[in-house]
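Let me begin by presenting the structure, written as structure tokens, before commenting on it.
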Amino acid sequence: MRTLVIGCNHRTAPLEVRERLAFDRASAAEALRALRVRFPCCEGVLLSTCNRTELYAARPVHGHPRIDEAIGFLASCRGIGAHEFGHSIYHYEDTEAVRHLFRVAASLDSMVLGESQILGQVKDAYLLAREIGMTGRMLDPVFQRALAVAKEIRATTDLSAGRTTVGGTAVEFARQIFARFDDKTVLLIGAGEMGEATLQHLLEARPACVLVANRTPARAEAVLDRLVRPAGLQGRVVPFERLLDSLAEADIVVSTTGAPEPILTRRALHGLPARRRYRPILMIDIAVPRDIEPTVGDLENVFLYNIDDLQVVAERNIAARERQITRCHELIEARVREFAAWQRGRDVGPTISALQRKLDEIGRQELERVLPKLSGLSPHDRELLEQMLYRISRKVLHAPSTTLRDRAAVGRAQVYIEALRNLFELKDEP
């Protein structure tokens with residue numbers, strides 16, 4: 001099997017491209033089912049977060065999809081032309097693909113190094129693919145190993161120390177705008193996982209009041225009961241239909257709904273500055289696709305930042321963690337080598353054994369065919385014939401076995417394995 005990954009992330013593609021390639025759970029499931037129809041022999045996992053969209057695939061050596069086919073498939077799923085984002089796409093194959101996945105799961109490829117959410121997102125993407133039946137002999141072990149490596153890095157390094165989630169970094173960014181929080185009202189739009197994570201960081205700053213707006217009021221109320229009120233802070237639910245009115249009260253807005261279209265537009269908010277008596281308002285849009293129309297930031301005393309802007313704060317953490325990053329890369333390289341060795345042993349050993357059984361079976365059948373034609377054959381003569389067939393099979397087996405092991409030592413055995421299995425119709429033992 002060959003593995004490949006194609007994708008784009010916050011370094012290769014602007015937000016405008018990433019939001020067009022974003023998948024939610026339902027559309028990811030639909031895409032994986034379409035992948036199975038178009039490429040029946042392919043395994044696949046689709047990872048889509050606010051910072052990346054990646055398609056992981058495993059296929060037979062001479063099978064499909066190839067790189068260009070995978071890019072075309074991704075484009076067709078989102079209804080856009082491949083030429084519109086092809087310059088933003090990266091791709092890796094085989095060991096490089098495994099190394100990339102390990103780095104992604106360990107948050108070494110994240111906007112915020114050490115952020116904790118990516119591990120859960122990788123796990124969710126894998127479980128969804130497995131639920132649909134799109135993982136198997138190749139992607140099951142590679143994703144399971146990636147999750148294990150990520151957990152090992154968290155346990156043995158300090159990469160995730162401090163404020164490392166996207167929500168935590170958003171709060172750090174807010175601290176650059178406001179000197180204090182205890183006189184501020186915070187409005188959280190969206191009560192999902194990302195919204196709750198951000199709110200937890202905000203509560204540490206002890207804001208004067210917390211407003212939560214969600215399309216399901218009961219869920220917003222549950223967030224207040226679970227996080228805000230136990231902290232001794234004031235909070236209330238804002239009906240979603242009165243969202244615009246609540247903006248006149250809020251000083252800090254964090255929007256995390258991930259709605260397919262902006263929920264706050266320039267046209268709807270054009271009178272907001274006057275209603276606020278031109279008091280500054282900080283709006284942080286960490287949703288992909290964006291919740292807040294970019295031109296809202298042109299309004300007077302409205303400071304709008306999106307998820308890409310958080311990179312400014314994230315970069316400050318890199319220098320302090322350089323030593324930890326080096327340690328993480330070393331650990332990942334060791335685990336990639338271990339996985340590659342395990343994979344080579346898994347593929348080469350069964351192929352050699354299957355070829356050996358095939359040759360022995362051919363020899364046994366031919367011996368049984370010829371024995372009735374040999375009259376007066378002594379037990380000793382039969383033993384000599386059996387030894388001769390055994391030596392012939394082992395001599396025939398020697399060259400391909402040696403070649404397979406030599407090729408495996410440099411990570412290039414797959415073509416030979418596939419050829420032998422196809423030529424001799426080899427099957428592993430059940």
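Chain labels run A, B, ... following the order of the structure tokens; each chain numbers its residues from 1, and ligands are numbered from 1 in the order shown.
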
At a cut-off of 8 Å, can you tabulate as a Markdown table every residue of segment 133-217 of chain A near segment 234-252 of chain A together with its closest atom pair and the distance in Å to one decimal, using only C-alpha atoms and ordering rows by chain then number?
| residue | atom | partner | partner_atom | distance |
| --- | --- | --- | --- | --- |
| A:Ala174 | CA | A:Ile252 | CA | 8.0 |
| A:Lys184 | CA | A:Asp251 | CA | 5.8 |
| A:Thr185 | CA | A:Ala250 | CA | 4.9 |
| A:Val186 | CA | A:Ile252 | CA | 4.9 |
| A:Leu187 | CA | A:Ala250 | CA | 5.8 |
| A:Ala208 | CA | A:Gln234 | CA | 6.8 |
| A:Cys209 | CA | A:Gln234 | CA | 4.9 |
| A:Val210 | CA | A:Gly235 | CA | 4.5 |
| A:Leu211 | CA | A:Arg236 | CA | 5.3 |
| A:Val212 | CA | A:Val237 | CA | 5.0 |
| A:Ala213 | CA | A:Val238 | CA | 4.8 |
| A:Asn214 | CA | A:Phe240 | CA | 5.9 |
| A:Arg215 | CA | A:Phe240 | CA | 5.7 |
| A:Pro217 | CA | A:Pro239 | CA | 6.8 |

Using only C-alpha atoms, which protein or nucleic acid residues come within 6 Å of Ala58 of chain A? Drop anything in the same chain fewer than 2 positions from it, and give the result as a PyMOL selection string. chain A and resi 2-3+42-43

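Distance check against Gly258 of chain A using only C-alpha atoms: of A:Leu359, A:Leu423, A:Leu233, A:Ala191, the minimum falls on A:Ala191.
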
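When only C-alpha atoms are used to compute distances to Leu46 of chain A, the closest of the residues A:Glu115, A:Asp183, A:Asp124, A:Glu84 turns out to be A:Asp124.
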
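When only C-alpha atoms are used to compute distances to Ile71 of chain A, the closest of the residues A:Arg175, A:Lys373, A:His83, A:Arg323 turns out to be A:His83.
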
If you run DSSP on the backbone, which residues of segment 199-316 of chain A are strand (DSSP E or B), as an MDAnalysis selection string? chainID A and resid 209:213 234:238 252:255 264 281:285 292 302:306

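Residue neighbourhood of Val17 of chain A, excluding near-sequence residues (fewer than 4 positions): A:Ala13, A:Leu21, A:Phe85, at 7 Å, using only C-alpha atoms.
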
Take the residues from that selection and write them out as a CSV table (one decimal), in the first residue's frame, keeping N, CA and C atoms.
chain,number,residue,atom,x,y,z
A,13,ALA,N,-2.2,28.7,2.7
A,13,ALA,CA,-3.4,29.2,2.2
A,13,ALA,C,-4.0,30.3,3.0
A,21,LEU,N,-12.6,25.5,1.5
A,21,LEU,CA,-12.3,24.1,1.6
A,21,LEU,C,-12.7,23.4,2.9
A,85,PHE,N,-7.1,26.8,-6.0
A,85,PHE,CA,-6.3,26.6,-4.8
A,85,PHE,C,-5.1,25.7,-5.0

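What separates atom CA of Phe303 of chain A from atom CA of Leu282 of chain A is a distance of 4.8 Å.
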
Which residues are near Asp360 of chain A? Cut-off 10 Å, only C-alpha atoms, ignore same chain within fewer than 4 positions. Put them as a CSV table (one decimal) with N, CA and C atoms, in the first residue's frame.
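To be explicit, this is the file written out as result-v7.csv:
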chain,number,residue,atom,x,y,z
A,354,ALA,N,4.2,-16.3,2.3
A,354,ALA,CA,3.1,-16.7,1.3
A,354,ALA,C,3.8,-17.3,0.1
A,355,LEU,N,4.9,-16.7,-0.4
A,355,LEU,CA,5.6,-17.3,-1.6
A,355,LEU,C,6.1,-18.6,-1.2
A,356,GLN,N,6.7,-18.8,0.0
A,356,GLN,CA,7.2,-20.1,0.4
A,356,GLN,C,6.1,-21.1,0.4
A,364,ARG,N,4.4,-30.1,-3.7
A,364,ARG,CA,3.6,-31.2,-3.1
A,364,ARG,C,2.6,-31.8,-4.1
A,365,GLN,N,2.0,-30.9,-4.9
A,365,GLN,CA,1.0,-31.3,-5.9
A,365,GLN,C,1.7,-32.1,-7.0
A,366,GLU,N,2.9,-31.6,-7.4
A,366,GLU,CA,3.6,-32.3,-8.5
A,366,GLU,C,4.1,-33.7,-8.0
A,389,LEU,N,12.8,-31.4,-4.0
A,389,LEU,CA,11.8,-30.4,-4.2
A,389,LEU,C,12.0,-29.2,-3.2
A,390,TYR,N,12.3,-29.6,-2.0
A,390,TYR,CA,12.5,-28.6,-0.9
A,390,TYR,C,13.7,-27.7,-1.3
A,392,ILE,N,14.9,-27.1,-4.3
A,392,ILE,CA,14.5,-26.3,-5.5
A,392,ILE,C,13.7,-25.1,-5.0
A,393,SER,N,12.7,-25.3,-4.2
A,393,SER,CA,11.9,-24.2,-3.8
A,393,SER,C,12.6,-23.2,-3.0
A,394,ARG,N,13.6,-23.6,-2.1
A,394,ARG,CA,14.4,-22.7,-1.4
A,394,ARG,C,15.3,-21.9,-2.2

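For Phe73 of chain A, the non-local neighbours within 10 Å, defined as residues at least 4 positions apart in the same chain or in other chains and counting only C-alpha atoms, are Ala31, Ala34, Leu35, Arg38, Leu55, Pro65, Ile67, Asp68, Glu69, Cys77, Arg78, Gly79 and Ala82 of chain A.
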
Please produce a file of those selected residues containing C-alpha atoms, as a tab-separated table (two decimals), in the first residue's frame.
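Final output, out-v4.tsv:
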chain	number	residue	atom	x	y	z
A	31	ALA	CA	-16.98	13.23	0.97
A	34	ALA	CA	-17.90	9.66	-2.40
A	35	LEU	CA	-14.19	8.75	-2.18
A	38	ARG	CA	-14.81	6.81	-6.95
A	55	LEU	CA	-7.11	14.29	2.85
A	65	PRO	CA	-6.05	8.13	-6.44
A	67	ILE	CA	-1.85	13.17	-6.24
A	68	ASP	CA	-3.59	15.06	-9.03
A	69	GLU	CA	-6.68	12.87	-8.72
A	77	CYS	CA	-16.36	18.00	-3.10
A	78	ARG	CA	-16.38	21.75	-2.45
A	79	GLY	CA	-17.64	22.72	-5.90
A	82	ALA	CA	-8.61	22.87	-8.57

What are the DSSP helix (DSSP H, G or I) residues of segment 26-153 of chain A, as JSON, numbers by chain? {"A": [26, 27, 28, 29, 30, 31, 32, 33, 34, 35, 36, 37, 38, 67, 68, 69, 70, 71, 72, 73, 74, 75, 76, 77, 78, 82, 83, 84, 86, 87, 88, 95, 96, 97, 98, 99, 100, 101, 102, 103, 104, 105, 117, 118, 119, 120, 121, 122, 123, 124, 125, 126, 127, 128, 129, 130, 131, 132, 139, 140, 141, 142, 143, 144, 145, 146, 147, 148, 149, 150, 151, 152, 153]}

Please produce a file of the residues just selected, as a tab-separated table (two decimals), in the first residue's frame, where the atoms kept are C-alpha atoms.
chain	number	residue	atom	x	y	z
A	26	ALA	CA	-21.71	15.82	7.80
A	27	SER	CA	-19.96	17.05	4.66
A	28	ALA	CA	-16.78	15.16	5.62
A	29	ALA	CA	-18.79	11.94	5.91
A	30	GLU	CA	-20.40	12.62	2.54
A	31	ALA	CA	-16.98	13.23	0.97
A	32	LEU	CA	-15.54	10.00	2.37
A	33	ARG	CA	-18.46	8.02	0.98
A	34	ALA	CA	-17.90	9.66	-2.40
A	35	LEU	CA	-14.19	8.75	-2.18
A	36	ARG	CA	-15.12	5.10	-1.63
A	37	VAL	CA	-17.38	5.15	-4.71
A	38	ARG	CA	-14.81	6.81	-6.95
A	67	ILE	CA	-1.85	13.17	-6.24
A	68	ASP	CA	-3.59	15.06	-9.03
A	69	GLU	CA	-6.68	12.87	-8.72
A	70	ALA	CA	-6.87	13.50	-4.97
A	71	ILE	CA	-6.63	17.26	-5.52
A	72	GLY	CA	-9.34	17.08	-8.16
A	73	PHE	CA	-11.54	15.04	-5.84
A	74	LEU	CA	-11.16	17.57	-3.02
A	75	ALA	CA	-12.05	20.39	-5.40
A	76	SER	CA	-15.14	18.58	-6.67
A	77	CYS	CA	-16.36	18.00	-3.10
A	78	ARG	CA	-16.38	21.75	-2.45
A	82	ALA	CA	-8.61	22.87	-8.57
A	83	HIS	CA	-6.83	25.78	-10.26
A	84	GLU	CA	-8.32	28.13	-7.67
A	86	GLY	CA	-3.76	24.36	-6.40
A	87	HIS	CA	-0.93	26.76	-5.54
A	88	SER	CA	-1.83	26.42	-1.86
A	95	THR	CA	7.18	7.94	5.06
A	96	GLU	CA	6.84	11.69	4.51
A	97	ALA	CA	3.07	11.38	4.84
A	98	VAL	CA	3.46	9.44	8.10
A	99	ARG	CA	5.91	12.05	9.43
A	100	HIS	CA	3.49	14.85	8.53
A	101	LEU	CA	0.58	13.17	10.30
A	102	PHE	CA	2.67	12.61	13.44
A	103	ARG	CA	3.62	16.31	13.44
A	104	VAL	CA	0.03	17.43	12.91
A	105	ALA	CA	-1.34	15.25	15.73
A	117	GLN	CA	-7.47	20.80	20.35
A	118	ILE	CA	-5.77	19.29	17.29
A	119	LEU	CA	-5.30	15.91	18.98
A	120	GLY	CA	-9.03	15.59	19.53
A	121	GLN	CA	-9.72	16.80	16.00
A	122	VAL	CA	-7.39	14.17	14.50
A	123	LYS	CA	-9.01	11.50	16.63
A	124	ASP	CA	-12.51	12.58	15.63
A	125	ALA	CA	-11.56	12.58	11.93
A	126	TYR	CA	-10.10	9.09	12.25
A	127	LEU	CA	-13.09	7.71	14.16
A	128	LEU	CA	-15.49	9.15	11.59
A	129	ALA	CA	-13.58	7.49	8.75
A	130	ARG	CA	-13.44	4.20	10.64
A	131	GLU	CA	-17.18	4.39	11.35
A	132	ILE	CA	-17.85	4.75	7.63
A	139	LEU	CA	-4.65	3.90	7.88
A	140	ASP	CA	-5.79	2.15	11.06
A	141	PRO	CA	-2.26	1.54	12.36
A	142	VAL	CA	-0.83	4.85	11.14
A	143	PHE	CA	-3.54	6.95	12.81
A	144	GLN	CA	-3.44	4.89	15.99
A	145	ARG	CA	0.32	5.37	16.12
A	146	ALA	CA	-0.03	9.11	15.45
A	147	LEU	CA	-2.42	9.50	18.39
A	148	ALA	CA	-0.04	7.55	20.63
A	149	VAL	CA	2.94	9.68	19.59
A	150	ALA	CA	1.01	12.89	20.27
A	151	LYS	CA	0.12	11.69	23.76
A	152	GLU	CA	3.74	10.70	24.39
A	153	ILE	CA	4.91	14.19	23.44

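If only C-alpha atoms are the atoms counted, then among A:Leu397, A:Ala218, A:Ile286, A:Leu159 the closest residue to Tyr305 of chain A is A:Ile286.
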
So, with only C-alpha atoms as the atoms that count, which of A:Glu368, A:Asp94, A:Glu293, A:Glu261 lies closest to Gln343 of chain A? A:Asp94

Would you compute the distance between atom CA of Glu330 of chain A and atom CA of Asp308 of chain A? Give it in Å to one decimal. 28.4 Å
